[in-house]
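The file query_5.cif comes next; it holds mmCIF, C-alpha atoms.
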data_target
loop_
_atom_site.label_atom_id
_atom_site.label_comp_id
_atom_site.auth_asym_id
_atom_site.auth_seq_id
_atom_site.Cartn_x
_atom_site.Cartn_y
_atom_site.Cartn_z
CA MET A 22 -24.33 -35.76 -1.51
CA SER A 23 -23.34 -35.62 -5.18
CA ARG A 24 -23.90 -32.06 -6.49
CA SER A 25 -25.85 -31.30 -3.31
CA LEU A 26 -24.33 -27.81 -3.17
CA GLU A 27 -24.87 -26.82 -6.79
CA GLY A 28 -25.42 -23.06 -6.92
CA LYS A 29 -23.98 -22.47 -3.44
CA VAL A 30 -21.09 -20.11 -2.78
CA ALA A 31 -18.47 -20.80 -0.12
CA LEU A 32 -15.51 -18.95 1.31
CA VAL A 33 -12.84 -21.14 2.88
CA ALA A 34 -10.52 -18.78 4.71
CA GLY A 35 -7.22 -20.53 5.23
CA ALA A 36 -7.46 -23.07 2.41
CA THR A 37 -3.82 -23.44 1.41
CA ARG A 38 -3.29 -26.85 2.98
CA GLY A 39 -4.53 -29.22 5.66
CA ALA A 40 -8.15 -29.13 6.75
CA GLY A 41 -8.86 -25.98 4.74
CA ARG A 42 -7.80 -27.62 1.50
CA GLY A 43 -9.74 -30.80 2.29
CA ILE A 44 -12.87 -28.79 3.05
CA ALA A 45 -12.56 -26.68 -0.10
CA VAL A 46 -12.13 -29.73 -2.33
CA GLU A 47 -15.12 -31.56 -0.85
CA LEU A 48 -17.30 -28.46 -1.22
CA GLY A 49 -16.23 -28.38 -4.84
CA ALA A 50 -17.02 -32.06 -5.26
CA ALA A 51 -20.56 -31.22 -4.13
CA GLY A 52 -20.81 -28.58 -6.87
CA ALA A 53 -20.12 -25.37 -4.93
CA THR A 54 -18.28 -22.29 -6.09
CA VAL A 55 -15.45 -21.97 -3.58
CA TYR A 56 -13.32 -18.92 -2.89
CA VAL A 57 -10.07 -20.10 -1.32
CA THR A 58 -7.82 -17.69 0.53
CA GLY A 59 -4.44 -17.69 2.19
CA ARG A 60 -1.02 -16.09 1.99
CA SER A 61 0.91 -18.79 0.12
CA THR A 62 0.71 -18.27 -3.63
CA ARG A 63 2.70 -19.41 -6.63
CA ALA A 64 4.33 -15.99 -6.64
CA ARG A 65 5.08 -15.71 -2.93
CA ARG A 66 5.23 -18.04 0.07
CA SER A 67 4.17 -17.19 3.60
CA GLU A 68 6.54 -17.66 6.54
CA TYR A 69 5.63 -21.36 6.46
CA ASP A 70 7.86 -21.53 3.37
CA ARG A 71 6.03 -24.60 2.08
CA PRO A 72 5.12 -25.55 -1.50
CA GLU A 73 1.31 -25.67 -1.13
CA THR A 74 -0.50 -22.68 -2.63
CA ILE A 75 -4.05 -21.37 -2.82
CA GLU A 76 -3.92 -21.66 -6.61
CA ASP A 77 -3.23 -25.38 -6.23
CA THR A 78 -6.23 -25.66 -3.92
CA ALA A 79 -8.47 -23.79 -6.36
CA ASP A 80 -7.38 -26.13 -9.16
CA LEU A 81 -8.24 -29.14 -6.99
CA VAL A 82 -11.68 -27.67 -6.28
CA THR A 83 -12.34 -27.28 -9.99
CA GLU A 84 -11.01 -30.76 -10.78
CA ALA A 85 -13.39 -32.16 -8.15
CA GLY A 86 -16.36 -30.65 -9.99
CA GLY A 87 -16.77 -27.22 -8.44
CA HIS A 88 -15.46 -23.80 -9.32
CA GLY A 89 -12.34 -22.86 -7.38
CA ILE A 90 -11.31 -19.20 -7.15
CA ALA A 91 -8.03 -18.32 -5.44
CA VAL A 92 -7.81 -14.90 -3.80
CA PRO A 93 -4.57 -14.05 -1.96
CA THR A 94 -5.64 -12.57 1.38
CA ASP A 95 -4.00 -11.74 4.67
CA HIS A 96 -6.91 -12.05 7.09
CA LEU A 97 -5.13 -9.89 9.65
CA ASP A 98 -5.64 -6.97 7.27
CA PRO A 99 -9.26 -5.78 7.48
CA THR A 100 -8.91 -3.87 4.21
CA GLN A 101 -7.89 -6.99 2.31
CA VAL A 102 -10.78 -8.95 3.83
CA ALA A 103 -13.24 -6.19 2.95
CA VAL A 104 -12.00 -6.20 -0.64
CA LEU A 105 -12.36 -9.99 -0.76
CA VAL A 106 -15.96 -9.89 0.48
CA ASP A 107 -16.82 -7.04 -1.88
CA ARG A 108 -15.52 -9.16 -4.75
CA ILE A 109 -17.66 -12.15 -3.72
CA ALA A 110 -20.70 -9.88 -3.43
CA ARG A 111 -20.04 -8.35 -6.84
CA GLU A 112 -19.42 -11.66 -8.60
CA GLN A 113 -21.97 -13.89 -6.81
CA ASN A 114 -24.33 -11.63 -4.83
CA ARG A 115 -24.41 -14.25 -2.11
CA LEU A 116 -22.35 -16.22 0.38
CA ASP A 117 -23.84 -19.45 1.69
CA ILE A 118 -20.95 -21.04 3.58
CA LEU A 119 -18.14 -19.40 5.52
CA VAL A 120 -15.37 -21.64 6.82
CA ASN A 121 -12.96 -19.93 9.21
CA ASP A 122 -9.94 -22.23 9.09
CA ILE A 123 -7.16 -19.66 9.43
CA TRP A 124 -4.38 -20.86 11.70
CA GLY A 125 -0.76 -20.22 10.71
CA GLY A 126 0.64 -21.11 14.13
CA GLU A 127 2.53 -24.35 13.54
CA HIS A 128 5.93 -22.76 14.19
CA LEU A 129 4.82 -20.42 16.96
CA PHE A 130 4.04 -22.66 19.94
CA ALA A 131 6.29 -24.67 22.22
CA TRP A 132 5.06 -27.93 23.78
CA ASP A 133 4.57 -27.85 27.55
CA SER A 134 6.19 -24.45 27.85
CA PRO A 135 4.56 -22.33 30.60
CA VAL A 136 3.51 -18.83 29.69
CA TRP A 137 6.42 -17.20 31.52
CA GLU A 138 8.93 -19.29 29.54
CA HIS A 139 7.15 -19.28 26.18
CA ASP A 140 8.40 -16.77 23.62
CA LEU A 141 5.98 -13.89 24.11
CA ASP A 142 6.15 -12.50 20.59
CA ASN A 143 5.43 -15.93 19.13
CA GLY A 144 2.56 -16.51 21.53
CA LEU A 145 0.90 -13.20 20.77
CA ARG A 146 1.43 -13.70 17.04
CA LEU A 147 -0.25 -17.10 17.34
CA LEU A 148 -3.28 -15.52 19.01
CA ARG A 149 -3.53 -12.89 16.31
CA LEU A 150 -3.35 -15.47 13.53
CA ALA A 151 -5.70 -17.97 15.16
CA VAL A 152 -8.27 -15.67 16.78
CA GLU A 153 -8.13 -12.14 15.41
CA THR A 154 -8.26 -13.35 11.80
CA HIS A 155 -11.51 -15.20 12.48
CA ALA A 156 -13.07 -12.11 14.05
CA VAL A 157 -11.99 -9.87 11.17
CA THR A 158 -13.35 -12.32 8.60
CA SER A 159 -16.69 -12.78 10.34
CA HIS A 160 -17.10 -9.02 10.76
CA HIS A 161 -16.80 -8.42 7.04
CA ALA A 162 -18.34 -11.61 5.61
CA LEU A 163 -21.44 -12.17 7.73
CA PRO A 164 -23.56 -9.33 6.34
CA LEU A 165 -23.22 -10.96 2.91
CA LEU A 166 -23.97 -14.41 4.31
CA LEU A 167 -27.14 -13.08 5.94
CA ARG A 168 -28.55 -11.77 2.64
CA HIS A 169 -30.11 -15.19 2.10
CA PRO A 170 -31.53 -17.49 4.78
CA GLY A 171 -29.87 -20.77 5.62
CA GLY A 172 -26.24 -19.66 5.73
CA LEU A 173 -23.64 -21.76 7.55
CA VAL A 174 -20.52 -20.67 9.43
CA VAL A 175 -17.95 -23.29 10.40
CA GLU A 176 -15.26 -22.38 12.92
CA VAL A 177 -12.49 -24.96 12.54
CA THR A 178 -10.53 -25.71 15.71
CA ASP A 179 -8.59 -28.51 17.39
CA GLY A 180 -10.53 -30.45 20.00
CA THR A 181 -14.16 -30.70 21.00
CA GLU A 182 -15.64 -28.52 23.70
CA ASP A 183 -15.77 -31.50 26.09
CA TYR A 184 -12.20 -32.59 25.40
CA ASN A 185 -10.66 -29.13 25.64
CA ARG A 186 -12.56 -28.35 28.83
CA ASP A 187 -10.92 -31.29 30.58
CA HIS A 188 -7.48 -31.34 28.94
CA TYR A 189 -4.55 -28.93 28.84
CA ARG A 190 -3.74 -28.44 25.17
CA VAL A 191 -0.02 -28.11 24.46
CA SER A 192 0.66 -24.68 26.01
CA PHE A 193 -1.05 -21.56 27.34
CA PHE A 194 -1.20 -19.87 23.95
CA TYR A 195 -2.27 -22.95 21.98
CA ASP A 196 -4.90 -23.85 24.56
CA LEU A 197 -6.27 -20.30 24.58
CA ALA A 198 -6.41 -20.12 20.78
CA LYS A 199 -8.26 -23.38 20.25
CA THR A 200 -10.69 -22.80 23.10
CA SER A 201 -11.38 -19.26 21.87
CA VAL A 202 -12.47 -20.58 18.48
CA LEU A 203 -14.91 -22.92 20.20
CA ARG A 204 -16.39 -19.97 22.04
CA MET A 205 -16.56 -17.94 18.83
CA ALA A 206 -18.89 -20.52 17.33
CA PHE A 207 -21.04 -20.42 20.46
CA ALA A 208 -21.29 -16.62 20.32
CA LEU A 209 -21.91 -16.55 16.56
CA GLY A 210 -24.64 -19.12 16.99
CA HIS A 211 -26.48 -16.79 19.34
CA GLU A 212 -26.08 -13.87 16.95
CA LEU A 213 -26.85 -15.75 13.72
CA GLY A 214 -29.55 -18.16 14.85
CA PRO A 215 -32.34 -15.57 15.20
CA ARG A 216 -31.32 -14.22 11.79
CA GLY A 217 -31.74 -17.49 9.93
CA ALA A 218 -28.15 -18.78 9.87
CA THR A 219 -26.19 -21.43 11.75
CA ALA A 220 -22.73 -21.41 13.32
CA VAL A 221 -20.83 -24.45 14.56
CA ALA A 222 -17.35 -25.32 15.78
CA LEU A 223 -15.82 -28.30 14.01
CA THR A 224 -12.67 -30.26 14.76
CA PRO A 225 -11.00 -32.91 12.66
CA GLY A 226 -9.33 -35.79 14.44
CA TRP A 227 -5.64 -36.61 14.14
CA LEU A 228 -5.16 -35.04 10.74
CA ARG A 229 -2.84 -36.41 8.08
CA SER A 230 -2.03 -32.93 6.84
CA GLU A 231 0.91 -32.23 4.58
CA ILE A 232 2.88 -30.95 7.57
CA MET A 233 2.04 -33.97 9.73
CA LEU A 234 3.01 -36.43 7.00
CA ASP A 235 6.31 -34.62 6.50
CA HIS A 236 6.90 -34.63 10.26
CA PHE A 237 6.61 -38.43 10.31
CA GLY A 238 8.57 -38.83 7.07
CA VAL A 239 5.73 -40.53 5.20
CA ARG A 240 3.28 -39.84 2.38
CA GLU A 241 -0.44 -40.40 2.16
CA ASP A 242 0.13 -43.63 0.23
CA ASN A 243 2.42 -45.13 2.91
CA TRP A 244 1.32 -43.33 6.07
CA ARG A 245 1.02 -46.59 7.98
CA ASP A 246 4.82 -46.86 7.90
CA ALA A 247 4.78 -44.35 10.77
CA LEU A 248 2.86 -46.68 13.09
CA ASP A 249 5.96 -48.48 14.34
CA ARG A 250 7.11 -45.18 15.89
CA VAL A 251 3.68 -43.65 16.67
CA PRO A 252 1.17 -46.49 17.06
CA HIS A 253 -1.80 -44.26 17.93
CA PHE A 254 -1.40 -42.55 14.54
CA ALA A 255 -3.53 -45.49 13.34
CA ILE A 256 -6.63 -43.42 14.19
CA SER A 257 -5.59 -40.59 11.88
CA GLU A 258 -7.72 -39.27 9.03
CA THR A 259 -7.30 -37.41 5.76
CA PRO A 260 -8.24 -33.72 5.41
CA ARG A 261 -11.03 -34.79 3.07
CA TYR A 262 -12.86 -36.44 5.99
CA VAL A 263 -13.52 -33.14 7.74
CA GLY A 264 -14.33 -31.74 4.31
CA ARG A 265 -17.09 -34.29 3.97
CA ALA A 266 -18.34 -33.27 7.40
CA VAL A 267 -18.68 -29.65 6.25
CA THR A 268 -20.39 -30.72 3.04
CA ALA A 269 -22.89 -32.85 4.96
CA LEU A 270 -23.69 -29.93 7.26
CA ALA A 271 -24.07 -27.50 4.37
CA ALA A 272 -26.46 -29.84 2.53
CA ASP A 273 -28.60 -30.56 5.60
CA PRO A 274 -31.87 -28.57 5.56
CA ASP A 275 -32.11 -29.14 9.31
CA VAL A 276 -28.55 -28.02 10.14
CA ALA A 277 -29.90 -25.42 12.58
CA ARG A 278 -30.28 -28.20 15.14
CA PHE A 279 -26.50 -28.00 15.58
CA ASN A 280 -26.41 -24.23 16.04
CA ALA A 281 -23.72 -23.03 18.50
CA ARG A 282 -22.53 -26.59 19.12
CA SER A 283 -19.11 -28.21 19.06
CA LEU A 284 -18.85 -31.02 16.50
CA SER A 285 -16.22 -33.45 15.22
CA SER A 286 -15.58 -35.14 11.91
CA GLY A 287 -15.91 -38.58 13.52
CA GLY A 288 -19.13 -37.70 15.29
CA LEU A 289 -20.70 -36.29 12.13
CA ALA A 290 -19.66 -39.37 10.16
CA GLN A 291 -21.83 -41.40 12.50
CA GLU A 292 -24.66 -38.87 12.07
CA TYR A 293 -24.58 -38.62 8.27
CA GLY A 294 -22.97 -41.89 7.18
CA PHE A 295 -20.04 -40.53 5.15
CA THR A 296 -16.60 -42.14 5.26
CA ASP A 297 -12.99 -41.15 4.82
CA LEU A 298 -11.33 -41.82 1.48
CA ASP A 299 -10.48 -45.40 2.49
CA GLY A 300 -14.08 -46.20 3.45
CA SER A 301 -13.45 -46.09 7.21
CA ARG A 302 -15.05 -43.82 9.84
CA PRO A 303 -12.31 -42.85 12.31
CA ASP A 304 -13.68 -41.48 15.58
CA ALA A 305 -10.50 -39.88 16.90
CA TRP A 306 -11.79 -37.94 19.90
CA ARG A 307 -13.52 -40.94 21.42
CA TYR A 308 -10.38 -42.99 20.75
CA LEU A 309 -8.13 -40.42 22.41
CA VAL A 310 -10.16 -40.52 25.61
CA GLU A 311 -10.82 -44.24 25.76
CA VAL A 312 -7.53 -45.61 24.41
CA GLN A 313 -4.63 -43.16 24.08
CA ASP A 314 -5.25 -41.05 27.18
CA ALA A 315 -6.13 -44.19 29.12
CA ASP A 316 -2.61 -45.53 28.34
CA LYS A 317 -3.98 -48.56 26.54
CA PRO A 318 -2.13 -50.20 23.62
CA ALA A 319 -2.98 -48.77 20.24
CA ASP A 320 -5.98 -50.62 18.81
CA VAL A 321 -8.47 -48.90 16.53
CA THR A 322 -10.94 -51.78 16.56
CA GLY A 323 -14.36 -50.23 16.97
CA TYR A 324 -13.02 -46.72 16.39
CA ARG A 325 -12.71 -46.65 12.60
#
For this file, produce the structure as C-alpha cells.
Amino acid sequence: MSRSLEGKVALVAGATRGAGRGIAVELGAAGATVYVTGRSTRARRSEYDRPETIEDTADLVTEAGGHGIAVPTDHLDPTQVAVLVDRIAREQNRLDILVNDIWGGEHLFAWDSPVWEHDLDNGLRLLRLAVETHAVTSHHALPLLLRHPGGLVVEVTDGTEDYNRDHYRVSFFYDLAKTSVLRMAFALGHELGPRGATAVALTPGWLRSEIMLDHFGVREDNWRDALDRVPHFAISETPRYVGRAVTALAADPDVARFNARSLSSGGLAQEYGFTDLDGSRPDAWRYLVEVQDADKPADVTGYR
C-alpha cells in the first residue's frame, strides 16, 4: 500500500488522539494530504485536559510521508465546519476520504447506570458529541466529496453491527451513541452509493489508545505489564491497526462492495492482509464473543 493514496485528500474529524490519530498517520504513510481536526491544540486544551494536540497529529502525518494540516474545529458548530470544508475546497478542490471519528465522551458515561440514574446533562452532551457532530460534518463535507467519483466515508464506532445488536453496551447513552453511528453508515451508504461514493462503519478492537494505556498505568512499549490485572487485554491493538484498515479501504478500487456495511479492523486485516505494528492480526470482536464473553481463560491463540 506504499504511496497508494498519493494525490488523495482526506479529512479525519476527531484526529487528536486514539483511533483518529492512528488513521490520520496511516493515511499520511500512504501519501495522502490529511486535514486533522479537533478541539485540543497547543494553545488550548479541550475539557479532556490531555496533552495530545491536533498539531502533533499533523506533524506525525507529515513525518509518515503525507502532508498533515491541523485545523482547530468544534464539529458541534456548523459555521466552523462550513469554514473548514470551504478551506479544503479552496486549497485542494477535492475531498476523497472523510473519516468521522469525533467522540469526546470518555468522561460523560457511567458504567451500568440506567437512564433514570445516569446524569442527564452528561448523557445528552455525549449524544451531541458522538452523533450530532457526525451529522453536521457529513452535511457540510459530502457535497465536496461527491465532486469526484470514488469517495469514501468511514464512520468510526465501537462494536460491529452484529455484536452491538446482541449486547448491551455500557449504558443507555453509550449504547445509543455507538449504535447510531452504525446506522449512520447504513443510511449514508444508501444516499452515497447511487452517486458513486461508499460509506462504511468501522470499529477498532480493544484499542491501546493514550487514554487506555494511562488507565492501565502502562505505555505502548510495556503494555503487556497490564495483563496480570486484565488478562483479556492481550487481544488489544494499536490505533495504527484501524488506520491501516482505512488505508486499505481507501486504496481498494472495489471498495463499493462494502457499501453500507459494518466492518472491523480485525476482519479487514484478514481481507487485505495487513498487520498491526508488531506483525500480528488481532481479531478482537471474534475473541470477545468466543473467549471473553464465554468466560474462558484469556488465550489469544488463533486470534492474533
Could you pull out every residue with an atom within 10 Å of (-0.3, -43.0, 10.4), file coordinates, counting all atoms listed in the file, and send them as a list of chain:residue names?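 Residues found, by chain and rising number: A:Trp227, A:Leu228, A:Arg229, A:Met233, A:Leu234, A:Phe237, A:Val239, A:Arg240, A:Glu241, A:Asn243, A:Trp244, A:Arg245, A:Asp246, A:Ala247, A:Leu248, A:Asp249, A:Arg250, A:Val251, A:Pro252, A:His253, A:Phe254, A:Ala255, A:Ile256, A:Ser257, A:Glu258.
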As a PyMOL selection string, please: the residues near region 268-275 of chain A (cut-off 8 Å, only C-alpha atoms, same-chain neighbours under 3 positions excluded). chain A and resi 22+25-26+44+47-48+51+118+173+264-265+278+293
Expected file: the selected residues, C-alpha atoms, as a CSV table (one decimal), in the frame of the given file:
chain,number,residue,atom,x,y,z
A,22,MET,CA,-24.3,-35.8,-1.5
A,25,SER,CA,-25.8,-31.3,-3.3
A,26,LEU,CA,-24.3,-27.8,-3.2
A,44,ILE,CA,-12.9,-28.8,3.0
A,47,GLU,CA,-15.1,-31.6,-0.8
A,48,LEU,CA,-17.3,-28.5,-1.2
A,51,ALA,CA,-20.6,-31.2,-4.1
A,118,ILE,CA,-21.0,-21.0,3.6
A,173,LEU,CA,-23.6,-21.8,7.6
A,264,GLY,CA,-14.3,-31.7,4.3
A,265,ARG,CA,-17.1,-34.3,4.0
A,278,ARG,CA,-30.3,-28.2,15.1
A,293,TYR,CA,-24.6,-38.6,8.3
Just so the selection is clear, what residues does the PyMOL selection byres ((chain A and resi 224-226) around 7) cover here, as a tab-separated table (two decimals) with C-alpha atoms, keeping the file's coordinate frame?
chain	number	residue	atom	x	y	z
A	177	VAL	CA	-12.49	-24.96	12.54
A	178	THR	CA	-10.53	-25.71	15.71
A	179	ASP	CA	-8.59	-28.51	17.39
A	180	GLY	CA	-10.53	-30.45	20.00
A	181	THR	CA	-14.16	-30.70	21.00
A	222	ALA	CA	-17.35	-25.32	15.78
A	223	LEU	CA	-15.82	-28.30	14.01
A	227	TRP	CA	-5.64	-36.61	14.14
A	228	LEU	CA	-5.16	-35.04	10.74
A	257	SER	CA	-5.59	-40.59	11.88
A	258	GLU	CA	-7.72	-39.27	9.03
A	263	VAL	CA	-13.52	-33.14	7.74
A	284	LEU	CA	-18.85	-31.02	16.50
A	285	SER	CA	-16.22	-33.45	15.22
A	286	SER	CA	-15.58	-35.14	11.91
A	305	ALA	CA	-10.50	-39.88	16.90
A	306	TRP	CA	-11.79	-37.94	19.90
For the structure shown, which residues end up in the PyMOL selection byres ((chain A and resi 30-39) around 7)? Put them as a ChimeraX atom specification, please? /A:28-29,40-43,45,53-59,61,73-75,78,115-123,230-231,260
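The nearest approach to Val46 (chain A) among the residues A:Ala220, A:Tyr262, A:Asp95, A:Thr200, with all atoms listed in the file taken into account, belongs to A:Tyr262.
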Separation of CA of Thr158 (chain A) from CA of Leu97 (chain A) in Å: 8.6 Å
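The residues returned by the PyMOL selection byres ((chain A and resi 124-139) around 8) for this structure are Gly35, Tyr69, Asp122, Ile123, Asp140, Leu141, Asn143, Gly144, Arg146, Leu147, Leu150, Ala151, Val191, Ser192, Phe193, Phe194 and Tyr195 of chain A.
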Find the nearest atom pair between each residue of region 193-304 of chain A and region 160-167 of chain A for residues within 9 Å, count only C-alpha atoms, give distances in Å to one decimal, sort rows by chain and ascending number, and present the table as a tab-separated table.
residue	atom	partner	partner_atom	distance
A:Leu213	CA	A:Leu167	CA	8.2
A:Arg216	CA	A:Leu167	CA	7.3
A:Gly217	CA	A:Leu167	CA	7.5
A:Ala218	CA	A:Leu167	CA	7.0
Which polymer residues have any atom within 8 Å of an atom of Glu182 (chain A), counting all atoms listed in the file, with same-chain residues fewer than 4 positions away left out, as number ranges by chain? A: 186, 200, 203, 283
What's the separation between CA of Val82 (chain A) and CA of His155 (chain A), in Å to one decimal place?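 Interatomic distance here is 22.5 Å.
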Among listed residues A:Asp242, A:Asp304, A:Glu176, A:Asp183, nearest Gly210 (chain A) (using only C-alpha atoms):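 Ranked by minimum distance to Gly210 (chain A), first place goes to A:Glu176.
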